[in-house]
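> Would you mind keeping the following structure in view while I ask a few things?
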Amino acid sequence: MKVNGTHYRSLWWDTTAEALQIIDQRWLPHDFRVQQLDTLADFDAAIVEMRVRGAPLIGATAAYGMALAARLDPTDDGLNAAWAQLNATRPTAINLRWALDRCRAALLPLPVDARASAALALAHEIADEDVEINRRIGEYGLQLIRDVAAKKSDGEPVRILTHCNAGWIATVDWGTATSPMYHAHDAGIPIHVWVGETRPRNQGALTAWELGGHGISHTYVTDNAGGHLMQHGEVDLVIIGTDRTTRQGDVCNKIGTYLKALAAKDNGVPFYVALPSPTIDWTVTDGVSEIPIEERNPREVTHVQGALDDGGIGLAQVTPQGTPGGNPAFDVTPNRLVTGLITERGICDASSNGLATLFPEMV
């Protein structure tokens, strides 16, 4: 996607510096900053501190971290140590472990002196695969939007509600939940996106920044406005992303997703999940009891970052002094509340049978 008219991926390999460049998302949407990752500690901090965030992007970043490790210490011990360090950065998004496992499995059988070049090639491959997966999710999701648009009066927009940021900066490009929106807009279908703020980190602001840059009509609303909008017929469908999905179709996504799914169910609004296959955890069945939920720093709840009147970026405390903050970063939406899963292979029911139909090799 484009930033100020220039195409960017959310990460890219700088062949001159022989290093990975990332968009440091801590400063968005107020400031666009690029950071170079030179050490394994840089990769660790980038993931933990959410300089990169979003399950697909975390996975791709970790793959480049393994490529750096293979250059610095390509021995079995070196690669295993890097795997362990990066795997410990964030517990919920399954793409992290998926990418690390894929890298380690591919590299360990190779001669030590062949591992560095193979690791970098594999990281490029994982990044490119993510772009293609998300592009195809957009094509399948586009049909859902077309179907709604066909029932509208000429010029009347399809109204889509989304939560958190499952956009191109949460992936390598296109995004998951946003990909159908970009495809619809580019196809000339009028859409309007209700962007939930997504406390505590207000990641909906990143979605608004993206959509605005692409010229897509949107409105930024409080998280609790979603149910109200559905009650009053202002939402045609919900499309959200996911950080981990079980083999039976339970969906783990940013905290607050479950409440939107309940509101959608109560109001008969279709609730779709844009689901790249690397986010499926085939080892987990019951999402509520089995998926670990990351508990993040309470300061993310008690303080809010934003642009200041003097043009700077700063933190403001919103709670009384001494009041503790609780910060579970994700929740799980049971499959019974999900209308369908939009994958790179098509759309299926949120069920074991639905996923098995599209991914028979995994069952």
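Chain labels run A, B, ... following the order of the structure tokens; each chain numbers its residues from 1, and ligands are numbered from 1 in the order shown.
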Can you pull out every residue from range 225-292 of chain A that DSSP, working from the backbone, puts in strand (DSSP E), and format the result as number ranges by chain?

A: 237-240, 244-246, 251-254, 271-274, 280-281

> Within 9 Å of Ile169 in chain A, counting only C-alpha atoms, which residues show up once you throw out same-chain ones fewer than 5 positions away? Write them as a ChimeraX atom specification, please.

/A:1,9-11,23,25,52-54,57,174-175,206-207,210

> Restricted to N, CA, C and O atoms, what would the selected residues look like written as an mmCIF file, in the first residue's frame?


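That gives us selection-v7.cif:
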data_model
loop_
_atom_site.group_PDB
_atom_site.id
_atom_site.type_symbol
_atom_site.label_atom_id
_atom_site.label_comp_id
_atom_site.auth_asym_id
_atom_site.auth_seq_id
_atom_site.Cartn_x
_atom_site.Cartn_y
_atom_site.Cartn_z
ATOM 1 N N MET A 1 0.840 -1.195 0.000
ATOM 2 C CA MET A 1 0.000 0.000 0.000
ATOM 3 C C MET A 1 0.882 1.255 0.000
ATOM 4 O O MET A 1 2.098 1.157 0.139
ATOM 5 N N ARG A 9 5.922 -1.833 1.790
ATOM 6 C CA ARG A 9 5.507 -2.958 2.596
ATOM 7 C C ARG A 9 5.780 -2.578 4.051
ATOM 8 O O ARG A 9 6.499 -1.621 4.321
ATOM 9 N N SER A 10 5.218 -3.345 4.971
ATOM 10 C CA SER A 10 5.426 -3.024 6.375
ATOM 11 C C SER A 10 6.833 -3.393 6.845
ATOM 12 O O SER A 10 7.301 -2.909 7.871
ATOM 13 N N LEU A 11 7.504 -4.257 6.087
ATOM 14 C CA LEU A 11 8.928 -4.522 6.281
ATOM 15 C C LEU A 11 9.555 -4.802 4.934
ATOM 16 O O LEU A 11 8.880 -5.201 3.987
ATOM 17 N N ILE A 23 8.568 -0.426 9.554
ATOM 18 C CA ILE A 23 7.852 0.777 9.964
ATOM 19 C C ILE A 23 7.635 0.660 11.464
ATOM 20 O O ILE A 23 7.026 -0.302 11.942
ATOM 21 N N GLN A 25 5.700 1.138 14.293
ATOM 22 C CA GLN A 25 4.286 1.462 14.409
ATOM 23 C C GLN A 25 3.911 2.102 15.740
ATOM 24 O O GLN A 25 2.766 2.530 15.912
ATOM 25 N N VAL A 52 6.462 -3.742 15.534
ATOM 26 C CA VAL A 52 5.704 -4.522 14.560
ATOM 27 C C VAL A 52 4.613 -5.241 15.342
ATOM 28 O O VAL A 52 4.828 -5.668 16.465
ATOM 29 N N ARG A 53 3.421 -5.335 14.754
ATOM 30 C CA ARG A 53 2.336 -6.051 15.420
ATOM 31 C C ARG A 53 1.368 -6.538 14.359
ATOM 32 O O ARG A 53 1.407 -6.115 13.206
ATOM 33 N N GLY A 54 0.542 -7.484 14.775
ATOM 34 C CA GLY A 54 -0.278 -8.209 13.817
ATOM 35 C C GLY A 54 0.350 -9.562 13.572
ATOM 36 O O GLY A 54 1.553 -9.657 13.297
ATOM 37 N N LEU A 57 2.570 -10.215 10.403
ATOM 38 C CA LEU A 57 3.801 -9.426 10.384
ATOM 39 C C LEU A 57 4.784 -9.916 11.441
ATOM 40 O O LEU A 57 5.995 -9.939 11.207
ATOM 41 N N TRP A 174 -1.391 -5.629 1.993
ATOM 42 C CA TRP A 174 -2.814 -5.830 1.773
ATOM 43 C C TRP A 174 -3.627 -5.891 3.069
ATOM 44 O O TRP A 174 -4.700 -5.348 3.136
ATOM 45 N N GLY A 175 -3.123 -6.596 4.081
ATOM 46 C CA GLY A 175 -3.917 -6.831 5.273
ATOM 47 C C GLY A 175 -4.834 -8.020 5.111
ATOM 48 O O GLY A 175 -4.942 -8.619 4.031
ATOM 49 N N LEU A 206 -4.817 3.215 13.484
ATOM 50 C CA LEU A 206 -3.956 2.744 12.405
ATOM 51 C C LEU A 206 -4.793 2.356 11.186
ATOM 52 O O LEU A 206 -4.421 2.621 10.043
ATOM 53 N N THR A 207 -5.937 1.712 11.450
ATOM 54 C CA THR A 207 -6.836 1.369 10.343
ATOM 55 C C THR A 207 -7.344 2.629 9.663
ATOM 56 O O THR A 207 -7.397 2.710 8.428
ATOM 57 N N GLU A 210 -4.669 4.054 7.493
ATOM 58 C CA GLU A 210 -4.560 3.269 6.250
ATOM 59 C C GLU A 210 -5.673 3.617 5.264
ATOM 60 O O GLU A 210 -5.420 3.892 4.088
#

> Using only C-alpha atoms, determine which residues lie at most 6 Å from range 286-302 of chain A, disregarding the query and same-chain residues fewer than 3 positions distant; provide the list as a VMD selection string.

chain A and resid 92 200 250 317 to 319 325 to 330 332

> Please dump the current selection as an mmCIF file, in the first residue's frame; keep all heavy atoms.


data_model
loop_
_atom_site.group_PDB
_atom_site.id
_atom_site.type_symbol
_atom_site.label_atom_id
_atom_site.label_comp_id
_atom_site.auth_asym_id
_atom_site.auth_seq_id
_atom_site.Cartn_x
_atom_site.Cartn_y
_atom_site.Cartn_z
ATOM 1 N N THR A 92 0.485 -15.181 22.156
ATOM 2 C CA THR A 92 -0.833 -15.502 21.617
ATOM 3 C C THR A 92 -0.835 -15.749 20.112
ATOM 4 O O THR A 92 -1.420 -16.723 19.633
ATOM 5 C CB THR A 92 -1.835 -14.384 21.976
ATOM 6 O OG1 THR A 92 -1.910 -14.268 23.401
ATOM 7 C CG2 THR A 92 -3.221 -14.709 21.443
ATOM 8 N N PRO A 200 -6.887 -0.938 24.481
ATOM 9 C CA PRO A 200 -6.294 0.276 25.047
ATOM 10 C C PRO A 200 -5.299 1.005 24.141
ATOM 11 O O PRO A 200 -4.955 2.151 24.415
ATOM 12 C CB PRO A 200 -5.574 -0.268 26.276
ATOM 13 C CG PRO A 200 -5.143 -1.633 25.876
ATOM 14 C CD PRO A 200 -6.256 -2.159 25.008
ATOM 15 N N ASP A 250 -12.879 -21.562 16.468
ATOM 16 C CA ASP A 250 -12.887 -20.496 17.479
ATOM 17 C C ASP A 250 -11.817 -19.484 17.110
ATOM 18 O O ASP A 250 -10.718 -19.847 16.675
ATOM 19 C CB ASP A 250 -12.573 -21.068 18.866
ATOM 20 C CG ASP A 250 -13.618 -22.048 19.351
ATOM 21 O OD1 ASP A 250 -14.759 -21.982 18.887
ATOM 22 O OD2 ASP A 250 -13.264 -22.903 20.201
ATOM 23 N N GLN A 317 -2.118 10.429 31.372
ATOM 24 C CA GLN A 317 -2.754 9.479 32.262
ATOM 25 C C GLN A 317 -4.242 9.765 32.324
ATOM 26 O O GLN A 317 -4.664 10.906 32.482
ATOM 27 C CB GLN A 317 -2.147 9.547 33.663
ATOM 28 C CG GLN A 317 -2.713 8.507 34.622
ATOM 29 C CD GLN A 317 -1.924 8.403 35.911
ATOM 30 O OE1 GLN A 317 -0.727 8.670 35.935
ATOM 31 N NE2 GLN A 317 -2.596 8.013 36.982
ATOM 32 N N VAL A 318 -5.072 8.699 32.214
ATOM 33 C CA VAL A 318 -6.520 8.878 32.191
ATOM 34 C C VAL A 318 -7.187 8.302 33.440
ATOM 35 O O VAL A 318 -8.407 8.415 33.582
ATOM 36 C CB VAL A 318 -7.135 8.240 30.933
ATOM 37 C CG1 VAL A 318 -6.657 8.949 29.684
ATOM 38 C CG2 VAL A 318 -6.817 6.753 30.852
ATOM 39 N N THR A 319 -6.432 7.696 34.332
ATOM 40 C CA THR A 319 -6.984 7.086 35.539
ATOM 41 C C THR A 319 -6.532 7.856 36.775
ATOM 42 O O THR A 319 -5.521 8.565 36.737
ATOM 43 C CB THR A 319 -6.518 5.629 35.670
ATOM 44 O OG1 THR A 319 -5.080 5.605 35.660
ATOM 45 C CG2 THR A 319 -7.043 4.781 34.528
ATOM 46 N N GLY A 325 -4.463 -1.033 36.481
ATOM 47 C CA GLY A 325 -5.076 -1.341 35.193
ATOM 48 C C GLY A 325 -4.907 -2.817 34.864
ATOM 49 O O GLY A 325 -3.851 -3.393 35.090
ATOM 50 N N GLY A 326 -5.956 -3.426 34.349
ATOM 51 C CA GLY A 326 -5.880 -4.805 33.856
ATOM 52 C C GLY A 326 -5.843 -4.796 32.346
ATOM 53 O O GLY A 326 -6.580 -4.028 31.712
ATOM 54 N N ASN A 327 -5.009 -5.621 31.746
ATOM 55 C CA ASN A 327 -4.781 -5.482 30.305
ATOM 56 C C ASN A 327 -4.656 -6.817 29.577
ATOM 57 O O ASN A 327 -3.622 -7.130 29.003
ATOM 58 C CB ASN A 327 -3.510 -4.648 30.077
ATOM 59 C CG ASN A 327 -3.358 -4.198 28.634
ATOM 60 O OD1 ASN A 327 -4.283 -4.323 27.836
ATOM 61 N ND2 ASN A 327 -2.187 -3.685 28.298
ATOM 62 N N PRO A 328 -5.726 -7.643 29.575
ATOM 63 C CA PRO A 328 -5.713 -8.813 28.687
ATOM 64 C C PRO A 328 -5.787 -8.329 27.245
ATOM 65 O O PRO A 328 -6.670 -7.548 26.882
ATOM 66 C CB PRO A 328 -6.968 -9.589 29.096
ATOM 67 C CG PRO A 328 -7.889 -8.550 29.661
ATOM 68 C CD PRO A 328 -7.001 -7.521 30.301
ATOM 69 N N ALA A 329 -4.861 -8.782 26.411
ATOM 70 C CA ALA A 329 -4.740 -8.201 25.067
ATOM 71 C C ALA A 329 -5.664 -8.830 24.037
ATOM 72 O O ALA A 329 -5.893 -8.245 22.973
ATOM 73 C CB ALA A 329 -3.289 -8.317 24.594
ATOM 74 N N PHE A 330 -6.197 -10.010 24.332
ATOM 75 C CA PHE A 330 -7.011 -10.736 23.356
ATOM 76 C C PHE A 330 -8.220 -11.361 24.047
ATOM 77 O O PHE A 330 -8.246 -11.522 25.266
ATOM 78 C CB PHE A 330 -6.191 -11.852 22.686
ATOM 79 C CG PHE A 330 -4.958 -11.354 21.983
ATOM 80 C CD1 PHE A 330 -3.741 -11.291 22.643
ATOM 81 C CD2 PHE A 330 -5.006 -10.951 20.661
ATOM 82 C CE1 PHE A 330 -2.606 -10.837 22.011
ATOM 83 C CE2 PHE A 330 -3.872 -10.492 20.011
ATOM 84 C CZ PHE A 330 -2.669 -10.429 20.684
ATOM 85 N N VAL A 332 -11.447 -14.571 22.986
ATOM 86 C CA VAL A 332 -11.786 -15.659 22.062
ATOM 87 C C VAL A 332 -13.268 -15.600 21.729
ATOM 88 O O VAL A 332 -14.123 -15.528 22.624
ATOM 89 C CB VAL A 332 -11.428 -17.034 22.662
ATOM 90 C CG1 VAL A 332 -11.913 -18.166 21.744
ATOM 91 C CG2 VAL A 332 -9.917 -17.144 22.871
#

> Which distance in Å separates CA of Arg135 in chain A and CA of Val338 in chain A, to one decimal?

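These atoms are spaced 21.9 Å apart.
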
> Please list as an NGL selection string every residue within 12 Å of range 310-315 of chain A, counting only C-alpha atoms and excluding residues in the same chain fewer than 3 positions away.

:A and (26-31 or 201 or 299-307 or 318)

> Can those selected residues be exported to a file as a compact mmCIF listing (two decimals), in the first residue's frame so that it contains N, CA and C atoms?


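Below is the file out_16.txt, written as the result:
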# COMPACT_ATOMS: atom_id res chain seq x y z
N ARG A 26 4.84 2.21 16.65
CA ARG A 26 4.53 2.88 17.91
C ARG A 26 4.15 4.34 17.69
N TRP A 27 4.61 4.93 16.61
CA TRP A 27 4.41 6.36 16.40
C TRP A 27 3.25 6.68 15.46
N LEU A 28 2.71 5.66 14.82
CA LEU A 28 1.56 5.89 13.95
C LEU A 28 0.31 6.12 14.78
N PRO A 29 -0.66 6.88 14.28
CA PRO A 29 -0.73 7.47 12.94
C PRO A 29 -0.12 8.88 12.85
N HIS A 30 0.56 9.31 13.90
CA HIS A 30 1.00 10.71 13.95
C HIS A 30 2.34 10.95 13.29
N ASP A 31 3.18 9.93 13.25
CA ASP A 31 4.52 10.12 12.70
C ASP A 31 4.95 8.83 12.02
N ARG A 201 -4.82 0.38 23.08
CA ARG A 201 -3.77 1.02 22.26
C ARG A 201 -4.33 1.80 21.09
N ARG A 299 0.10 -0.06 32.04
CA ARG A 299 0.28 1.33 31.62
C ARG A 299 -0.39 1.61 30.27
N GLU A 300 -0.57 0.58 29.46
CA GLU A 300 -1.28 0.77 28.20
C GLU A 300 -2.75 1.14 28.44
N VAL A 301 -3.27 0.75 29.59
CA VAL A 301 -4.66 1.06 29.94
C VAL A 301 -4.77 2.39 30.67
N THR A 302 -3.84 2.64 31.57
CA THR A 302 -3.92 3.84 32.41
C THR A 302 -3.45 5.10 31.70
N HIS A 303 -2.73 4.93 30.58
CA HIS A 303 -2.20 6.08 29.84
C HIS A 303 -2.60 5.97 28.36
N VAL A 304 -2.69 7.10 27.72
CA VAL A 304 -3.03 7.16 26.30
C VAL A 304 -1.99 8.00 25.58
N GLN A 305 -1.50 7.50 24.46
CA GLN A 305 -0.55 8.26 23.65
C GLN A 305 -1.29 9.02 22.56
N GLY A 306 -0.85 10.25 22.30
CA GLY A 306 -1.49 11.02 21.24
C GLY A 306 -0.67 12.23 20.85
N ALA A 307 -1.15 12.92 19.83
CA ALA A 307 -0.48 14.12 19.35
C ALA A 307 -0.81 15.29 20.28
N VAL A 318 -5.07 8.70 32.21
CA VAL A 318 -6.52 8.88 32.19
C VAL A 318 -7.19 8.30 33.44

> In Å, how far is it from CA of Glu344 in chain A to CA of Ile137 in chain A?

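Atom-to-atom, CA of Glu344 in chain A and CA of Ile137 in chain A are spaced 4.7 Å apart.
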
> For range 345-357 of chain A, list every protein, DNA or RNA residue within 10 Å, evaluated using only C-alpha atoms, and leave out those in the same chain fewer than 3 positions away; present the list as a count of residues only.

36
